[in-house]
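Trainee: Before anything else, here's the structure in question.
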Amino acid sequence: MPRSSYSIAVLPGDGIGHEVMAAALEVLCALESRIGRRFVTSPHAAGAQHYADTGVALPEPVLEACRRADAILFGAMGLPHVRDAQGTEVIPQLDIRFALDLYAGVRPIKTWPGLPTPLSDPRAAQIDMVLVRENTEGLFYARGRGVIEGEGENAAAFDTMRISRKGTARVVDFALRLTEQRRARGRPGRLTNVDKANVFRSMAFWREVFVERATHFPQITTEHAYVDAMALNLVLKPWTYDVLVTENMFGDILSDLIASLVGSMGMAPSGDIGDHHGLFQPAHGTAPDIAGRGIANPTAMILSVAMMLEWLGERHADAALLDGASIIESAVHRAFLEQSVRPYDFGGQSGTQAIAEAVVARL
Ligand code: ATP
C-alpha cells in the first residue's frame with residue numbers, strides 16, 4: 001500500500017562516499033515536496049575508517065537498522081591502508097550483501113547525451129544495458145574460506161567457487177523478469193547468459209540451470225556467451241546488448257568494464273536487491289585519490305536514489321515514487337544535455353555541489 005513516508009538507512013561510508021551521499025540526499029530532499037512523500041533518513045557510521053577507529057567495520061546495530069528500514073542508501077566503503085587480520089581490505093558491503101541476502105546486483109548503464117564517451121562509433125549513443133551479477137555465491141563464496149595447503153615450495157592456495165541450483169535459479173529468474181519489464185518499455189527483450197561453461201563444471205551447471213529457467217519465459221530471447229568473448233564484444237559492439245546475467249566474480253569485473261564504456265564510474269549506479277531488502281549505491285569505490293576535494297561526480301549516487309525509488313515504488317505500489325524516479329532521471333538527463341555542468345571525470349570543472357544543484361534546479 002502507498003504510504004506518506006519511508007524510512008531510509010543511510011551509510012555514507014568512506015572517502016567520496018560522504019561527498020556523493022550529501023549531494024544525493026539534497027536531491028532526495030528537494031524531491032519530497034514535488035511528489036508528496038517524506039523520506040526519513042537515518043545516518044549510520046560504518047566502513048574502513050570506522051574499523052580503524054573502533055575495530056568493527058559494520059556494527060550489529062547498523063545491520064539491524066538496515067534490516068528495519070524500507071531501503072538502504074550506501075555511499076562507498078574501503079580504504080587501501082586499512083586492512084583486516086588476513087591482510088585483505090575491509091569491505092563491509094560484501095558482508096551486508098550476504099547478511100541481507102541481496103542476491104541480485106543490478107548495474108544499469110547508458111550513454112548520456114551531452115557527455116563524451118570513449119568510443120568513437122556513433123552507435124555508442126545507443127548503449128543502454130543492465131548487468132545482473134549474482135551477489136551471494138560464485139567465486140566470492142570463497143571469501144574468508146580460502147586455504148593454503150602444503151608448505152614452502154609446495155604451498156598452494158585454494159579458493160572454491162560455489163554455484164548452487166537455488167542461488168542460480170533465483171538470480172536468473174530476476175534477470176528474466178527484468179528483461180520482460182524492459183521489453184514492455186520498448187527494449188529488445190534479450191537476455192545474454194555470460195559464463196565459462198566450456199571449461200568449468202560449475203559453469204556448465206550454471207548454464208543448465210539458466211536453460212531450464214528460460215523455458216518458463218518463452219517470450220524472452222536468450223543467448224549464451226563465454227566471459228572472455230563477452231569482454232571483447234562489450235568493447236566492440238556494446239549497443240547490441242540489453243540484459244546480461246553472470247556469476248559473481250565475472251560480474252564484478254564486467255561491471256567496471258561497462259561503466260568505462262559510458263565514460264566514467266561516476267555515471268554507474270547500482271542496486272543490490274533481495275526478496276526482502278534493497279540497497280542502492282554507486283558502482284564506484286571510495287576514490288581515495290580525489291576524496292575530500294569536492295570534485296567527485298555524484299551522478300552515480302543520484303541515479304542510485306532513482307533506482308531506490310523505482311524499487312520502493314514497485315514494492316509498495318506507489319506511483320508517486322515511480323514518478324520520483326523518472327523526475328530524477330530526467331533532471332540528470334537535462335542537466336548534461338543542456339551542458340549546464342561537466343564533471344571533472346569528463347574533463348570538466350563542475351564539482352560535486354554544482355552537479356547536485358544543477359539536478360535539483362531541474363527536478
Ligand atoms: P573498489 O575496489 O572499492 O570498487 P576501485 O579500486 O575500483 O574501488 P574507485 O574508488 O572506484 O576504485 O576509483 C577508480 C577510479 O575512478 C579512480 O581514479 C577514481 O578517482 C575514479 N572515480 C571513481 N568514482 C568517481 C566519481 N564518482 N567521480 C569521479 N571519479 C571517480
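Following the order of the C-alpha cells, chains are lettered A, B, ..., residues in each are numbered from 1, and ligands are numbered from 1.
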How would you write, as a PyMOL selection string, the set of residues no farther than 9 Å from ligand 1 when counting only C-alpha atoms and all ligand atoms?
Mentor: chain A and resi 15-17+20+76-80+91+252+256+264-268+282-291+295-301+343-346+352
Trainee: Export N, CA, C and O atoms of the chosen residues as a short mmCIF file (atom, residue, chain, number, x, y, z; two decimals), in the first residue's frame?
Mentor:
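result.cif, written as the output of this step:
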data_model
loop_
_atom_site.label_atom_id
_atom_site.label_comp_id
_atom_site.auth_asym_id
_atom_site.auth_seq_id
_atom_site.Cartn_x
_atom_site.Cartn_y
_atom_site.Cartn_z
N GLY A 15 35.78 7.90 2.26
CA GLY A 15 36.23 8.63 1.07
C GLY A 15 35.12 9.45 0.45
O GLY A 15 34.36 10.13 1.15
N ILE A 16 35.00 9.36 -0.89
CA ILE A 16 33.99 10.18 -1.57
C ILE A 16 32.57 9.72 -1.27
O ILE A 16 31.61 10.37 -1.68
N GLY A 17 32.43 8.57 -0.57
CA GLY A 17 31.10 8.13 -0.16
C GLY A 17 30.34 9.26 0.55
O GLY A 17 29.17 9.50 0.29
N VAL A 20 29.40 12.19 -2.16
CA VAL A 20 28.33 11.89 -3.13
C VAL A 20 27.00 11.64 -2.40
O VAL A 20 25.94 11.95 -2.92
N ALA A 76 30.17 4.50 -0.27
CA ALA A 76 31.24 3.59 -0.69
C ALA A 76 32.07 3.29 0.54
O ALA A 76 32.19 4.14 1.42
N MET A 77 32.64 2.08 0.62
CA MET A 77 33.46 1.74 1.79
C MET A 77 34.77 1.09 1.38
O MET A 77 34.82 0.40 0.36
N GLY A 78 35.79 1.29 2.20
CA GLY A 78 37.09 0.69 1.93
C GLY A 78 38.15 1.78 1.80
O GLY A 78 37.91 2.81 1.17
N LEU A 79 39.30 1.56 2.45
CA LEU A 79 40.44 2.47 2.31
C LEU A 79 41.67 1.59 2.13
O LEU A 79 41.83 0.62 2.88
N PRO A 80 42.52 1.90 1.15
CA PRO A 80 43.63 1.00 0.82
C PRO A 80 44.53 0.66 2.00
O PRO A 80 45.04 -0.45 2.11
N ILE A 91 35.88 -4.64 3.65
CA ILE A 91 34.85 -4.35 2.64
C ILE A 91 33.48 -4.76 3.19
O ILE A 91 32.92 -5.79 2.80
N ASP A 252 31.65 -8.80 -11.24
CA ASP A 252 32.49 -7.78 -10.60
C ASP A 252 33.37 -7.11 -11.65
O ASP A 252 33.48 -5.89 -11.73
N ASP A 256 32.71 -3.06 -14.04
CA ASP A 256 33.65 -1.94 -14.21
C ASP A 256 33.87 -1.67 -15.70
O ASP A 256 33.95 -0.52 -16.14
N SER A 264 32.77 6.93 -17.37
CA SER A 264 33.29 7.01 -16.00
C SER A 264 32.45 6.19 -15.05
O SER A 264 31.24 6.03 -15.23
N MET A 265 33.11 5.69 -14.00
CA MET A 265 32.40 5.04 -12.90
C MET A 265 31.43 6.02 -12.24
O MET A 265 30.46 5.61 -11.60
N GLY A 266 31.69 7.28 -12.40
CA GLY A 266 30.85 8.31 -11.78
C GLY A 266 29.44 8.37 -12.34
O GLY A 266 28.59 9.10 -11.83
N MET A 267 29.18 7.59 -13.42
CA MET A 267 27.84 7.58 -14.02
C MET A 267 27.15 6.24 -13.82
O MET A 267 26.12 5.98 -14.44
N ALA A 268 27.76 5.33 -13.01
CA ALA A 268 27.24 3.96 -12.92
C ALA A 268 26.56 3.70 -11.57
O ALA A 268 27.23 3.46 -10.56
N PRO A 282 26.45 3.74 -5.60
CA PRO A 282 27.18 3.89 -6.86
C PRO A 282 28.07 2.67 -7.08
O PRO A 282 28.52 2.05 -6.11
N ALA A 283 28.32 2.33 -8.34
CA ALA A 283 29.17 1.16 -8.62
C ALA A 283 30.64 1.43 -8.30
O ALA A 283 31.44 0.51 -8.19
N HIS A 284 30.98 2.72 -8.11
CA HIS A 284 32.40 3.03 -7.85
C HIS A 284 32.76 2.84 -6.38
O HIS A 284 31.89 2.62 -5.53
N GLY A 285 34.06 2.94 -6.11
CA GLY A 285 34.55 2.80 -4.75
C GLY A 285 34.75 4.16 -4.09
O GLY A 285 34.11 5.15 -4.46
N THR A 286 35.66 4.20 -3.12
CA THR A 286 35.82 5.40 -2.30
C THR A 286 36.75 6.45 -2.93
O THR A 286 36.90 7.54 -2.39
N ALA A 287 37.38 6.09 -4.06
CA ALA A 287 38.24 7.01 -4.81
C ALA A 287 39.17 7.83 -3.91
O ALA A 287 39.08 9.07 -3.91
N PRO A 288 40.06 7.19 -3.14
CA PRO A 288 40.91 7.97 -2.22
C PRO A 288 41.75 9.03 -2.94
O PRO A 288 42.12 10.04 -2.34
N ASP A 289 42.01 8.80 -4.25
CA ASP A 289 42.84 9.78 -4.98
C ASP A 289 42.17 11.14 -5.13
O ASP A 289 42.86 12.15 -5.31
N ILE A 290 40.84 11.20 -5.06
CA ILE A 290 40.17 12.51 -5.21
C ILE A 290 39.34 12.89 -3.99
O ILE A 290 38.68 13.95 -3.99
N ALA A 291 39.33 12.05 -2.97
CA ALA A 291 38.46 12.29 -1.81
C ALA A 291 38.82 13.60 -1.10
O ALA A 291 39.99 13.98 -1.02
N ILE A 295 35.37 17.24 -5.78
CA ILE A 295 35.31 17.12 -7.24
C ILE A 295 34.71 15.79 -7.70
O ILE A 295 34.62 15.53 -8.89
N ALA A 296 34.28 14.94 -6.75
CA ALA A 296 33.69 13.65 -7.16
C ALA A 296 32.39 13.89 -7.90
O ALA A 296 31.62 14.79 -7.56
N ASN A 297 32.14 13.07 -8.89
CA ASN A 297 30.90 13.15 -9.66
C ASN A 297 29.80 12.40 -8.87
O ASN A 297 29.92 11.20 -8.67
N PRO A 298 28.76 13.10 -8.44
CA PRO A 298 27.74 12.44 -7.60
C PRO A 298 26.64 11.75 -8.42
O PRO A 298 25.68 11.24 -7.85
N THR A 299 26.77 11.75 -9.76
CA THR A 299 25.65 11.27 -10.60
C THR A 299 25.29 9.81 -10.31
O THR A 299 24.11 9.46 -10.24
N ALA A 300 26.31 8.95 -10.15
CA ALA A 300 26.02 7.53 -9.90
C ALA A 300 25.21 7.37 -8.62
O ALA A 300 24.28 6.57 -8.55
N MET A 301 25.55 8.17 -7.60
CA MET A 301 24.80 8.10 -6.33
C MET A 301 23.39 8.65 -6.52
O MET A 301 22.42 8.08 -6.00
N PRO A 343 31.28 17.18 -15.33
CA PRO A 343 32.07 16.70 -14.19
C PRO A 343 33.57 16.63 -14.50
O PRO A 343 33.97 16.52 -15.66
N TYR A 344 34.36 16.62 -13.44
CA TYR A 344 35.82 16.53 -13.59
C TYR A 344 36.24 15.25 -14.31
O TYR A 344 37.19 15.24 -15.09
N ASP A 345 35.52 14.12 -14.02
CA ASP A 345 35.92 12.86 -14.65
C ASP A 345 35.61 12.86 -16.15
O ASP A 345 35.98 11.92 -16.85
N PHE A 346 34.95 13.91 -16.65
CA PHE A 346 34.74 14.07 -18.10
C PHE A 346 35.51 15.29 -18.61
O PHE A 346 35.16 15.88 -19.62
N THR A 352 31.17 18.45 -7.10
CA THR A 352 30.05 17.66 -6.58
C THR A 352 28.83 18.53 -6.32
O THR A 352 27.71 18.20 -6.75
#
Trainee: Taking into account only C-alpha atoms, which residue in the set A:Leu312, A:Ala335, A:Leu11, A:Ile127 is nearest to Ala71 of chain A?
Mentor: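 Checking each candidate against Ala71 of chain A, we get A:Leu312 as the closest.
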Trainee: Point out the residue among A:Pro238, A:Gly152, A:Gly313, A:Gly274 with the least atom-to-atom distance to Arg67 of chain A, counting only C-alpha atoms.
Mentor: A:Gly274
Trainee: Quick one: distance from atom CA of Arg68 of chain A to atom CA of Gly105 of chain A in Å, one decimal?
Mentor: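 For atom CA of Arg68 of chain A relative to atom CA of Gly105 of chain A, the distance reads 20.6 Å.
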Trainee: Run DSSP on the backbone of this structure and report the residues of segment 116-342 of chain A it assigns to helix (DSSP H, G or I), as a ChimeraX atom specification.
Mentor: /A:122-126,139-142,152-154,165-184,201-214,227-236,238-240,248-261,265-267,299-315,319-337
